[in-house]
>>> print(open('coords-v1.csv').read())   # CSV, C-alpha atoms
chain,number,residue,atom,x,y,z
W,1,MET,CA,201.7,-2.9,-79.5
W,2,ALA,CA,200.2,-6.3,-80.1
W,3,VAL,CA,202.6,-7.2,-82.9
W,4,ASP,CA,205.6,-6.1,-80.7
W,5,VAL,CA,204.5,-8.4,-77.9
W,6,MET,CA,203.8,-11.4,-80.2
W,7,VAL,CA,207.2,-11.1,-81.9
W,8,ASP,CA,209.0,-10.7,-78.5
W,9,LEU,CA,207.3,-13.8,-77.1
W,10,VAL,CA,208.2,-15.8,-80.2
W,11,LEU,CA,211.8,-14.7,-79.9
W,12,VAL,CA,212.0,-15.2,-76.2
W,13,GLN,CA,215.3,-16.9,-76.6
W,14,ASN,CA,216.7,-13.7,-78.1
W,15,ARG,CA,219.1,-12.0,-75.7
W,16,GLU,CA,217.6,-8.6,-76.0
W,17,PRO,CA,213.8,-8.0,-75.9
W,18,LEU,CA,212.1,-5.9,-78.6
W,19,SER,CA,210.1,-3.9,-76.0
W,20,PHE,CA,212.0,-0.7,-76.9
W,21,LEU,CA,209.7,-0.5,-80.0
W,22,LEU,CA,206.8,0.3,-77.7
W,23,VAL,CA,208.2,3.7,-77.0
W,24,GLY,CA,206.8,4.8,-80.4
W,25,ALA,CA,203.2,4.0,-79.4
W,26,PRO,CA,202.4,7.2,-77.3
W,27,PRO,CA,203.4,9.7,-80.0
W,28,LEU,CA,201.3,7.8,-82.6
W,29,ALA,CA,198.4,7.8,-80.2
W,30,ALA,CA,198.7,11.6,-79.7
W,31,ALA,CA,197.8,12.1,-83.4
W,32,THR,CA,194.3,10.6,-83.0
W,33,ARG,CA,193.5,9.9,-79.4
W,34,SER,CA,192.4,12.1,-76.5
W,35,PRO,CA,195.0,13.1,-73.8
W,36,ARG,CA,193.4,10.5,-71.4
W,37,HIS,CA,193.7,7.7,-73.9
W,38,THR,CA,197.2,8.7,-74.8
W,39,ALA,CA,198.2,8.7,-71.1
W,40,ALA,CA,196.6,5.3,-70.7
W,41,ILE,CA,198.5,3.9,-73.7
W,42,ALA,CA,201.8,5.2,-72.3
W,43,VAL,CA,201.1,3.5,-69.0
W,44,VAL,CA,200.3,0.2,-70.7
W,45,CYS,CA,203.4,0.5,-72.8
W,46,LEU,CA,205.5,1.0,-69.7
W,47,GLY,CA,203.9,-2.0,-68.0
W,48,MET,CA,204.5,-4.2,-71.0
W,49,GLU,CA,208.1,-3.1,-71.2
W,50,MET,CA,208.6,-4.1,-67.5
W,51,TRP,CA,206.8,-7.4,-68.0
W,52,LEU,CA,208.8,-8.4,-71.1
W,53,ALA,CA,212.0,-7.5,-69.4
W,54,SER,CA,211.1,-9.5,-66.3
W,55,ARG,CA,210.8,-12.6,-68.5
W,56,ARG,CA,214.6,-12.6,-69.0
W,57,PRO,CA,216.8,-13.0,-65.9
W,58,GLY,CA,218.7,-9.9,-64.9
W,59,HIS,CA,217.0,-7.6,-67.4
W,60,PHE,CA,214.3,-6.0,-65.3
W,61,ASP,CA,216.6,-3.6,-63.4
W,62,GLU,CA,219.4,-3.5,-65.9
W,63,GLN,CA,220.7,0.0,-66.8
W,64,HIS,CA,219.5,0.0,-70.4
W,65,HIS,CA,216.0,-1.0,-69.3
W,66,LEU,CA,215.8,1.6,-66.6
W,67,ALA,CA,216.7,4.2,-69.2
W,68,LEU,CA,213.9,2.8,-71.4
W,69,TYR,CA,211.4,3.1,-68.6
W,70,ILE,CA,212.4,6.8,-68.0
W,71,ALA,CA,212.3,7.5,-71.8
W,72,THR,CA,208.8,6.0,-72.0
W,73,VAL,CA,207.5,8.2,-69.1
W,74,LEU,CA,209.0,11.3,-70.6
W,75,ILE,CA,207.7,10.6,-74.1
W,76,GLY,CA,204.3,9.7,-72.7
W,77,ILE,CA,204.1,13.1,-70.9
W,78,ALA,CA,205.1,14.9,-74.1
W,79,SER,CA,202.6,12.9,-76.1
W,80,VAL,CA,199.8,13.9,-73.7
W,81,ALA,CA,200.8,17.5,-74.2
W,82,LEU,CA,200.8,17.0,-78.0
W,83,SER,CA,197.3,15.5,-77.8
W,84,ARG,CA,196.0,18.4,-75.8
W,85,GLN,CA,197.5,20.9,-78.3
W,86,ARG,CA,196.1,19.0,-81.3
W,87,ILE,CA,192.6,19.1,-79.8
W,88,ARG,CA,192.9,22.8,-79.1
W,89,ALA,CA,194.1,23.4,-82.7
W,90,GLU,CA,191.2,21.4,-84.0
W,91,ALA,CA,188.8,23.4,-81.9
W,92,ASP,CA,190.3,26.7,-83.2
W,93,LEU,CA,190.1,25.4,-86.8
W,94,VAL,CA,186.4,24.5,-86.4
W,95,HIS,CA,185.8,28.0,-84.9
W,96,ALA,CA,187.7,29.8,-87.6
W,97,ARG,CA,185.8,27.7,-90.3
W,98,SER,CA,182.5,28.6,-88.8
W,99,VAL,CA,183.4,32.3,-88.7
W,100,ALA,CA,184.5,32.1,-92.4
W,101,GLU,CA,181.3,30.3,-93.3
W,102,ALA,CA,179.2,33.0,-91.5
W,103,MET,CA,181.2,35.7,-93.3
W,104,GLN,CA,180.6,34.0,-96.7
W,105,MET,CA,176.9,33.7,-95.9
W,106,THR,CA,176.8,37.4,-95.1
W,107,LEU,CA,178.8,38.6,-98.1
W,108,LEU,CA,177.9,36.0,-100.7
W,109,ARG,CA,174.4,34.8,-100.1
W,110,PRO,CA,173.2,31.5,-101.6
W,111,PHE,CA,172.0,31.7,-105.2
W,112,PRO,CA,168.2,32.0,-105.3
W,113,GLU,CA,166.5,29.5,-107.6
W,114,GLN,CA,163.8,32.0,-108.8
W,115,LEU,CA,163.8,35.8,-109.0
W,116,GLY,CA,160.7,37.3,-110.5
W,117,GLN,CA,160.5,35.9,-114.1
W,118,LEU,CA,164.0,34.6,-113.9
W,119,ARG,CA,165.3,31.2,-113.0
W,120,ALA,CA,168.8,31.4,-111.6
W,121,ALA,CA,171.8,29.2,-110.8
W,122,GLY,CA,175.4,29.8,-110.0
W,123,PHE,CA,178.6,28.8,-108.2
W,124,TYR,CA,181.4,30.6,-106.4
W,125,GLN,CA,184.8,29.2,-105.6
W,126,ALA,CA,187.7,31.1,-104.0
W,127,GLY,CA,191.1,30.5,-105.6
W,128,GLU,CA,193.2,30.4,-102.4
W,129,GLY,CA,193.1,27.0,-100.9
W,130,GLY,CA,191.2,26.8,-97.6
W,131,THR,CA,189.4,30.1,-98.0
W,132,LEU,CA,185.7,30.6,-98.6
W,133,VAL,CA,185.7,34.3,-99.8
W,134,GLY,CA,188.1,35.9,-102.3
W,135,GLY,CA,188.1,38.9,-104.6
W,136,ASP,CA,185.1,37.8,-106.9
W,137,PHE,CA,181.6,38.8,-105.8
W,138,TYR,CA,178.0,38.6,-106.9
W,139,GLU,CA,174.5,39.7,-105.9
W,140,LEU,CA,171.0,39.2,-107.2
W,141,CYS,CA,168.0,41.0,-105.9
W,142,GLU,CA,164.5,42.0,-106.8
W,143,THR,CA,163.9,45.7,-106.8
W,144,PRO,CA,161.0,48.1,-107.8
W,145,PHE,CA,162.9,48.5,-111.1
W,146,GLY,CA,163.1,44.8,-111.8
W,147,VAL,CA,165.7,42.1,-111.0
W,148,ARG,CA,169.2,43.6,-110.7
W,149,VAL,CA,172.4,41.6,-110.8
W,150,VAL,CA,176.0,42.6,-110.1
W,151,LEU,CA,179.1,40.4,-110.8
W,152,GLY,CA,182.6,41.6,-110.4
W,153,ASP,CA,186.2,41.0,-109.6
W,154,VAL,CA,188.4,43.0,-107.2
W,155,ARG,CA,192.0,43.6,-108.1
W,156,GLY,CA,194.2,41.6,-105.8
W,157,LYS,CA,193.6,38.9,-103.2
W,158,GLY,CA,193.5,38.5,-99.5
W,159,LEU,CA,191.9,40.6,-96.8
W,160,ASP,CA,192.1,43.8,-98.8
W,161,ALA,CA,190.1,42.2,-101.6
W,162,VAL,CA,187.5,40.8,-99.1
W,163,GLN,CA,187.2,44.3,-97.5
W,164,THR,CA,186.5,45.8,-101.0
W,165,VAL,CA,183.9,43.0,-101.7
W,166,ALA,CA,182.1,43.9,-98.5
W,167,THR,CA,182.1,47.6,-99.5
W,168,VAL,CA,180.8,47.1,-103.0
W,169,LEU,CA,178.1,44.6,-102.0
W,170,GLY,CA,176.9,46.7,-99.1
W,171,SER,CA,176.5,49.7,-101.5
W,172,PHE,CA,174.8,47.7,-104.1
W,173,ARG,CA,172.3,46.1,-101.8
W,174,VAL,CA,171.2,49.6,-100.6
W,175,SER,CA,171.5,51.6,-103.9
W,176,ALA,CA,169.9,49.0,-106.1
W,177,HIS,CA,166.5,49.7,-104.4
W,178,GLU,CA,166.9,53.5,-104.5
W,179,TRP,CA,168.3,54.5,-107.9
W,180,ARG,CA,166.1,54.0,-111.0
W,181,ASP,CA,168.8,54.6,-113.5
W,182,LEU,CA,171.3,51.8,-113.9
W,183,SER,CA,174.1,54.3,-114.8
W,184,ARG,CA,173.5,56.2,-111.5
W,185,LEU,CA,173.7,52.9,-109.7
W,186,ALA,CA,177.2,52.3,-111.2
W,187,GLU,CA,178.2,55.8,-110.1
W,188,ARG,CA,177.1,55.0,-106.5
W,189,LEU,CA,179.3,51.9,-106.5
W,190,GLU,CA,182.2,54.0,-107.8
W,191,LEU,CA,181.7,56.5,-105.0
W,192,SER,CA,181.7,53.7,-102.4
W,193,ILE,CA,185.0,52.4,-103.7
W,194,ALA,CA,186.5,55.9,-103.8
W,195,ARG,CA,185.6,56.4,-100.1
W,196,ASN,CA,187.1,53.1,-99.2
W,197,SER,CA,190.4,53.7,-101.0
W,198,GLY,CA,190.7,57.1,-99.3
W,199,CYS,CA,191.1,55.4,-95.9
W,200,PRO,CA,194.6,55.5,-94.2
W,201,ASP,CA,195.1,51.8,-94.8
W,202,GLY,CA,193.3,51.8,-98.2
W,203,ASP,CA,194.7,50.6,-101.5
W,204,GLU,CA,195.6,53.6,-103.6
W,205,GLU,CA,195.5,51.4,-106.8
W,206,LEU,CA,192.2,49.8,-106.0
W,207,PHE,CA,189.8,49.0,-108.8
W,208,VAL,CA,187.0,46.6,-109.5
W,209,THR,CA,185.7,45.2,-112.8
W,210,ALA,CA,182.0,44.7,-112.8
W,211,LEU,CA,178.8,44.0,-114.8
W,212,LEU,CA,175.5,45.4,-113.7
W,213,LEU,CA,172.4,43.9,-115.3
W,214,GLU,CA,168.7,44.9,-115.0
W,215,PHE,CA,165.7,42.8,-116.1
W,216,PRO,CA,162.7,45.0,-116.2
W,217,PRO,CA,159.5,43.8,-114.5
W,218,ASP,CA,157.7,43.6,-117.9
W,219,GLY,CA,160.3,41.2,-119.2
W,220,GLY,CA,161.5,41.0,-122.8
W,221,SER,CA,164.9,42.7,-122.4
W,222,VAL,CA,168.1,43.0,-120.4
W,223,ARG,CA,170.0,46.2,-119.7
W,224,ILE,CA,173.7,46.1,-119.1
W,225,VAL,CA,176.4,48.5,-117.7
W,226,ASP,CA,179.9,47.2,-118.3
W,227,ARG,CA,182.7,48.5,-116.2
W,228,GLY,CA,185.7,46.7,-117.6
W,229,HIS,CA,184.4,43.2,-117.1
W,230,PRO,CA,184.1,40.3,-119.6
W,231,SER,CA,180.7,40.8,-121.4
W,232,PRO,CA,177.9,38.4,-120.8
W,233,LEU,CA,177.0,35.5,-123.1
W,234,MET,CA,173.5,34.7,-124.5
W,235,LEU,CA,172.7,31.1,-125.1
W,236,THR,CA,169.8,30.3,-127.4
W,237,PRO,CA,168.7,27.1,-129.1
W,238,HIS,CA,170.5,28.5,-132.2
W,239,GLY,CA,173.9,29.0,-130.6
W,240,THR,CA,176.0,31.1,-128.2
W,241,GLN,CA,176.9,34.7,-128.8
W,242,ARG,CA,178.5,37.5,-126.8
W,243,LEU,CA,176.3,40.4,-126.0
W,244,PRO,CA,177.8,43.7,-127.2
W,245,THR,CA,178.3,46.2,-124.4
W,246,ALA,CA,179.9,49.7,-124.0
W,247,PRO,CA,182.9,48.9,-121.8
W,248,GLY,CA,183.9,51.7,-119.4
W,249,LEU,CA,186.7,52.1,-116.9
W,250,PRO,CA,186.6,49.7,-114.0
W,251,LEU,CA,185.1,51.0,-110.8
W,252,GLY,CA,187.6,53.0,-108.8
W,253,LEU,CA,189.4,54.5,-111.8
W,254,GLY,CA,187.1,57.3,-112.5
W,255,GLU,CA,189.8,59.9,-111.9
W,256,LEU,CA,191.8,58.7,-114.9
W,257,GLY,CA,189.4,60.0,-117.5
W,258,PRO,CA,185.8,60.1,-118.8
W,259,VAL,CA,183.8,57.2,-117.5
W,260,SER,CA,181.4,55.5,-119.9
W,261,THR,CA,178.2,54.5,-118.1
W,262,GLU,CA,176.2,53.8,-121.2
W,263,VAL,CA,173.4,51.3,-120.8
W,264,THR,CA,173.1,48.8,-123.6
W,265,THR,CA,169.7,47.0,-124.1
W,266,HIS,CA,169.2,43.6,-125.7
W,267,PRO,CA,166.0,41.7,-126.3
W,268,LEU,CA,165.5,38.6,-124.2
W,269,ARG,CA,163.0,35.9,-125.1
W,270,THR,CA,161.6,33.1,-123.0
W,271,GLY,CA,164.0,30.2,-122.7
W,272,GLU,CA,167.1,32.2,-123.5
W,273,VAL,CA,169.9,32.2,-121.0
W,274,ILE,CA,172.3,35.0,-119.9
W,275,LEU,CA,175.6,33.7,-118.6
W,276,LEU,CA,177.9,35.8,-116.5
W,277,TYR,CA,181.4,34.8,-115.4
W,278,THR,CA,184.6,36.2,-113.9
W,279,ASP,CA,188.1,36.0,-115.5
W,280,GLY,CA,188.9,33.0,-113.3
W,281,VAL,CA,186.8,31.1,-115.9
W,282,SER,CA,187.9,32.7,-119.1
W,283,GLU,CA,191.6,32.9,-118.1
W,284,ALA,CA,191.9,29.4,-116.8
W,285,ARG,CA,195.1,28.0,-118.4
W,286,ASN,CA,195.3,24.7,-120.1
W,287,ALA,CA,196.7,22.0,-117.8
W,288,GLY,CA,198.9,20.7,-120.7
W,289,GLY,CA,201.2,23.6,-120.3
W,290,GLU,CA,200.3,25.3,-123.5
W,291,CYS,CA,199.2,28.5,-121.8
W,292,GLU,CA,195.9,28.4,-123.7
W,293,PHE,CA,193.0,30.2,-122.0
W,294,TYR,CA,189.7,28.4,-121.6
W,295,PRO,CA,187.5,29.0,-124.7
W,296,VAL,CA,184.2,29.6,-123.1
W,297,ILE,CA,182.1,30.0,-126.2
W,298,ASP,CA,183.6,27.1,-128.0
W,299,ARG,CA,183.2,24.7,-125.1
W,300,LEU,CA,179.6,25.8,-124.6
W,301,THR,CA,178.8,25.4,-128.3
W,302,ASP,CA,180.3,22.0,-128.4
W,303,HIS,CA,178.3,20.8,-125.4
W,304,PHE,CA,175.0,22.6,-125.9
W,305,GLY,CA,175.1,23.6,-129.6
W,306,ASP,CA,173.5,20.4,-130.9
W,307,GLY,CA,170.2,21.2,-129.3
W,308,ARG,CA,169.8,17.9,-127.6
W,309,ARG,CA,170.6,19.4,-124.2
W,310,ALA,CA,168.1,21.8,-122.6
W,311,LEU,CA,169.4,25.3,-121.7
W,312,ASP,CA,168.9,24.7,-118.0
W,313,PRO,CA,170.8,27.2,-115.7
W,314,GLU,CA,171.8,24.4,-113.3
W,315,ALA,CA,173.1,22.3,-116.1
W,316,LEU,CA,175.1,25.2,-117.6
W,317,VAL,CA,176.7,26.1,-114.3
W,318,SER,CA,177.5,22.5,-113.5
W,319,PHE,CA,179.1,22.0,-116.9
W,320,ILE,CA,181.2,25.2,-116.6
W,321,LYS,CA,182.4,24.3,-113.1
W,322,ALA,CA,183.4,20.7,-114.0
W,323,ASP,CA,184.9,21.6,-117.4
W,324,THR,CA,187.1,24.4,-116.2
W,325,GLU,CA,188.5,22.2,-113.4
W,326,LYS,CA,189.2,19.5,-116.0
W,327,TRP,CA,190.7,22.1,-118.4
W,328,SER,CA,193.1,23.7,-115.9
W,329,ALA,CA,193.7,20.7,-113.5
W,330,GLY,CA,192.7,22.8,-110.5
W,331,ALA,CA,192.0,26.5,-110.7
W,332,ASP,CA,194.1,28.9,-108.7
W,333,ASP,CA,192.0,32.0,-109.2
W,334,ASP,CA,188.6,33.0,-107.9
W,335,ARG,CA,185.7,31.8,-110.1
W,336,ALA,CA,182.1,33.0,-110.1
W,337,VAL,CA,179.4,32.0,-112.6
W,338,ILE,CA,175.7,33.0,-112.9
W,339,ALA,CA,173.2,31.7,-115.3
W,340,LEU,CA,169.8,33.4,-115.7
W,341,ARG,CA,166.9,32.2,-117.9
W,342,LEU,CA,163.7,34.0,-118.6
W,343,THR,CA,160.7,31.8,-117.9
>>> encode(input="coords-v1.csv", output="structure tokens")
Amino acid sequence: MAVDVMVDLVLVQNREPLSFLLVGAPPLAAATRSPRHTAAIAVVCLGMEMWLASRRPGHFDEQHHLALYIATVLIGIASVALSRQRIRAEADLVHARSVAEAMQMTLLRPFPEQLGQLRAAGFYQAGEGGTLVGGDFYELCETPFGVRVVLGDVRGKGLDAVQTVATVLGSFRVSAHEWRDLSRLAERLELSIARNSGCPDGDEELFVTALLLEFPPDGGSVRIVDRGHPSPLMLTPHGTQRLPTAPGLPLGLGELGPVSTEVTTHPLRTGEVILLYTDGVSEARNAGGECEFYPVIDRLTDHFGDGRRALDPEALVSFIKADTEKWSAGADDDRAVIALRLT
């Protein structure tokens, strides 16, 4: 507005004033200003147009200028309406964001720093832009049978995946404290998914890959039930290795055949780290277009294998998060990572 007036005053000898440019000010104001401020700017623009036109004889009530005044009034009214709509949309967005954050805090609780004899760290990131909860899930809790952990991935995305996440986590949080045997705990999760898929609006092809881990109170070992999920990694000062498991069918596919719920047990010593992740990490594709998956073990070995960096859960998680983002130039799948170290 100031530039327009200054140029118009400099070019006062020009036959036609440049005040018509002021008609663009109210719409610009509507993008950032309140309705009251937008209306005030529209009134100021109208007054400036009349003043600049009056400086030239015969221009003030000339037909083209009268049309400009009317256009400024109409555009000003529309700009005020746009400003009100923008403020309502911003308020709705803030409300929706707060609801989503509350849902995430309910479904996916913050990672605890300490659980019994375990130090923990992790991160979660939904693949769909603008969302906070996706198809990956996790939970860590202390039970009478030790620290129990579940990490999994629901087939599909969207609201159906979120509904399944809520079902599995709700069942785990109750059953993990009730069932001593880890195999029976996996069966309870299977049952909860079967009940969910039997609903009228349920997904008939629903399944969930998951890992269930148990760290007994006396320490010294970790027990694992693998239901079709990438097996955990163990990081020691001597290197990184994949822990052998007995993979079974994913949860929700029990009707297809015999389901393996075998529990594998591995020794765990102080300072060693168990790393869990979803396929959003291991299947992140190379940004160079080579369709090469992210080599988890190789990257961890290159970064931590020289022994100069401590096997700290927070450092491991931070490295995986930053390195996968760099590798794939922005992940488009859900990612969840958990690192657990025996202290």
>>> closest_residue(input="coords-v1.csv", among="W:Asp181, W:Asp323, W:Asp312, W:Glu62", to="Leu275 in chain W", atoms="all atoms listed in the file")
W:Asp312
>>> residues_near_point(input="coords-v1.csv", point="(186.3, 26.2, -111.4)", cutoff="7 Å", atoms="only C-alpha atoms", output="list in words")
Gln125, Val281, Lys321, Ala322, Thr324, Glu325, Ala331 and Arg335 of chain W
>>> residues_near_point(input="coords-v1.csv", point="(162.3, 42.7, -118.5)", cutoff="9 Å", atoms="all atoms listed in the file", output="list in words")
Gln117, Gly146, Val147, Glu214, Phe215, Pro216, Pro217, Asp218, Gly219, Gly220, Ser221, Val222, Arg223, Pro267, Leu268 and Leu342 of chain W
>>> atom_distance(input="coords-v1.csv", atom1="CA of Ala89 in chain W", atom2="CA of His37 in chain W")
18.0 Å
>>> atom_distance(input="coords-v1.csv", atom1="CA of Gly135 in chain W", atom2="CA of Arg299 in chain W")
25.4 Å
>>> closest_residue(input="coords-v1.csv", among="W:Met48, W:Leu206, W:Ala186, W:Ile320", to="Thr261 in chain W", atoms="all atoms listed in the file")
W:Ala186
>>> atom_distance(input="coords-v1.csv", atom1="CA of Thr343 in chain W", atom2="CA of Gly271 in chain W")
6.0 Å
>>> residues_around(input="coords-v1.csv", residues="range 209-211 of chain W", least_positions_apart="4", cutoff="9 Å", atoms="all atoms listed in the file", output="number ranges by chain")
W: 149-155, 224-232, 249-252, 276, 278
>>> write_last_selection(input="coords-v1.csv", atoms="C-alpha atoms", output="mmCIF file, in the frame of the given file")
data_model
loop_
_atom_site.group_PDB
_atom_site.id
_atom_site.type_symbol
_atom_site.label_atom_id
_atom_site.label_comp_id
_atom_site.auth_asym_id
_atom_site.auth_seq_id
_atom_site.Cartn_x
_atom_site.Cartn_y
_atom_site.Cartn_z
ATOM 1 C CA VAL W 149 172.400 41.600 -110.800
ATOM 2 C CA VAL W 150 176.000 42.600 -110.100
ATOM 3 C CA LEU W 151 179.100 40.400 -110.800
ATOM 4 C CA GLY W 152 182.600 41.600 -110.400
ATOM 5 C CA ASP W 153 186.200 41.000 -109.600
ATOM 6 C CA VAL W 154 188.400 43.000 -107.200
ATOM 7 C CA ARG W 155 192.000 43.600 -108.100
ATOM 8 C CA ILE W 224 173.700 46.100 -119.100
ATOM 9 C CA VAL W 225 176.400 48.500 -117.700
ATOM 10 C CA ASP W 226 179.900 47.200 -118.300
ATOM 11 C CA ARG W 227 182.700 48.500 -116.200
ATOM 12 C CA GLY W 228 185.700 46.700 -117.600
ATOM 13 C CA HIS W 229 184.400 43.200 -117.100
ATOM 14 C CA PRO W 230 184.100 40.300 -119.600
ATOM 15 C CA SER W 231 180.700 40.800 -121.400
ATOM 16 C CA PRO W 232 177.900 38.400 -120.800
ATOM 17 C CA LEU W 249 186.700 52.100 -116.900
ATOM 18 C CA PRO W 250 186.600 49.700 -114.000
ATOM 19 C CA LEU W 251 185.100 51.000 -110.800
ATOM 20 C CA GLY W 252 187.600 53.000 -108.800
ATOM 21 C CA LEU W 276 177.900 35.800 -116.500
ATOM 22 C CA THR W 278 184.600 36.200 -113.900
#
>>> closest_residue(input="coords-v1.csv", among="W:Arg184, W:His64, W:Arg36, W:Arg109", to="Val263 in chain W", atoms="only C-alpha atoms")
W:Arg184
>>> closest_residue(input="coords-v1.csv", among="W:Leu213, W:Ile338, W:Val208, W:Leu107", to="Phe145 in chain W", atoms="all atoms listed in the file")
W:Leu213
>>> residues_around(input="coords-v1.csv", residues="Val43 in chain W", least_positions_apart="6", cutoff="9 Å", atoms="only C-alpha atoms", output="list in words")
Thr72, Val73 and Gly76 of chain W
>>> closest_residue(input="coords-v1.csv", among="W:Arg119, W:Arg269, W:Arg188, W:Arg86", to="Leu340 in chain W", atoms="all atoms listed in the file")
W:Arg119
>>> closest_residue(input="coords-v1.csv", among="W:Leu22, W:Ala31, W:Ala39, W:Val44", to="Ile87 in chain W", atoms="all atoms listed in the file")
W:Ala31
>>> decode(input="coords-v1.csv", residues="range 38-45 of chain W", atoms="all heavy atoms", output="PDB file, in the first residue's frame")
ATOM      1  N   THR W  38      -8.700  -6.931   8.510  1.00  0.00           N
ATOM      2  CA  THR W  38      -8.923  -7.005   7.066  1.00  0.00           C
ATOM      3  C   THR W  38      -9.927  -5.949   6.630  1.00  0.00           C
ATOM      4  O   THR W  38      -9.744  -5.285   5.601  1.00  0.00           O
ATOM      5  CB  THR W  38      -9.422  -8.405   6.677  1.00  0.00           C
ATOM      6  OG1 THR W  38      -8.460  -9.386   7.088  1.00  0.00           O
ATOM      7  CG2 THR W  38      -9.623  -8.513   5.183  1.00  0.00           C
ATOM      8  N   ALA W  39     -11.014  -5.792   7.401  1.00  0.00           N
ATOM      9  CA  ALA W  39     -12.008  -4.764   7.080  1.00  0.00           C
ATOM     10  C   ALA W  39     -11.393  -3.372   7.156  1.00  0.00           C
ATOM     11  O   ALA W  39     -11.665  -2.509   6.300  1.00  0.00           O
ATOM     12  CB  ALA W  39     -13.204  -4.875   8.035  1.00  0.00           C
ATOM     13  N   ALA W  40     -10.549  -3.143   8.169  1.00  0.00           N
ATOM     14  CA  ALA W  40      -9.917  -1.828   8.302  1.00  0.00           C
ATOM     15  C   ALA W  40      -9.008  -1.540   7.113  1.00  0.00           C
ATOM     16  O   ALA W  40      -8.972  -0.409   6.593  1.00  0.00           O
ATOM     17  CB  ALA W  40      -9.123  -1.781   9.609  1.00  0.00           C
ATOM     18  N   ILE W  41      -8.273  -2.541   6.665  1.00  0.00           N
ATOM     19  CA  ILE W  41      -7.390  -2.344   5.509  1.00  0.00           C
ATOM     20  C   ILE W  41      -8.208  -2.056   4.256  1.00  0.00           C
ATOM     21  O   ILE W  41      -7.834  -1.211   3.433  1.00  0.00           O
ATOM     22  CB  ILE W  41      -6.499  -3.590   5.336  1.00  0.00           C
ATOM     23  CG1 ILE W  41      -5.466  -3.640   6.467  1.00  0.00           C
ATOM     24  CG2 ILE W  41      -5.808  -3.586   3.970  1.00  0.00           C
ATOM     25  CD1 ILE W  41      -4.618  -4.884   6.471  1.00  0.00           C
ATOM     26  N   ALA W  42      -9.333  -2.724   4.105  1.00  0.00           N
ATOM     27  CA  ALA W  42     -10.191  -2.457   2.944  1.00  0.00           C
ATOM     28  C   ALA W  42     -10.705  -1.022   2.968  1.00  0.00           C
ATOM     29  O   ALA W  42     -10.750  -0.342   1.922  1.00  0.00           O
ATOM     30  CB  ALA W  42     -11.354  -3.441   2.923  1.00  0.00           C
ATOM     31  N   VAL W  43     -11.101  -0.534   4.147  1.00  0.00           N
ATOM     32  CA  VAL W  43     -11.585   0.853   4.265  1.00  0.00           C
ATOM     33  C   VAL W  43     -10.468   1.834   3.957  1.00  0.00           C
ATOM     34  O   VAL W  43     -10.674   2.838   3.247  1.00  0.00           O
ATOM     35  CB  VAL W  43     -12.151   1.091   5.676  1.00  0.00           C
ATOM     36  CG1 VAL W  43     -12.450   2.583   5.886  1.00  0.00           C
ATOM     37  CG2 VAL W  43     -13.411   0.265   5.893  1.00  0.00           C
ATOM     38  N   VAL W  44      -9.270   1.569   4.460  1.00  0.00           N
ATOM     39  CA  VAL W  44      -8.133   2.453   4.193  1.00  0.00           C
ATOM     40  C   VAL W  44      -7.823   2.483   2.696  1.00  0.00           C
ATOM     41  O   VAL W  44      -7.555   3.549   2.123  1.00  0.00           O
ATOM     42  CB  VAL W  44      -6.904   1.997   5.002  1.00  0.00           C
ATOM     43  CG1 VAL W  44      -5.653   2.760   4.562  1.00  0.00           C
ATOM     44  CG2 VAL W  44      -7.149   2.203   6.482  1.00  0.00           C
ATOM     45  N   CYS W  45      -7.847   1.312   2.069  1.00  0.00           N
ATOM     46  CA  CYS W  45      -7.588   1.264   0.623  1.00  0.00           C
ATOM     47  C   CYS W  45      -8.629   2.080  -0.154  1.00  0.00           C
ATOM     48  O   CYS W  45      -8.286   2.797  -1.107  1.00  0.00           O
ATOM     49  CB  CYS W  45      -7.598  -0.180   0.136  1.00  0.00           C
ATOM     50  SG  CYS W  45      -6.153  -1.143   0.660  1.00  0.00           S
TER      51      CYS W  45
END
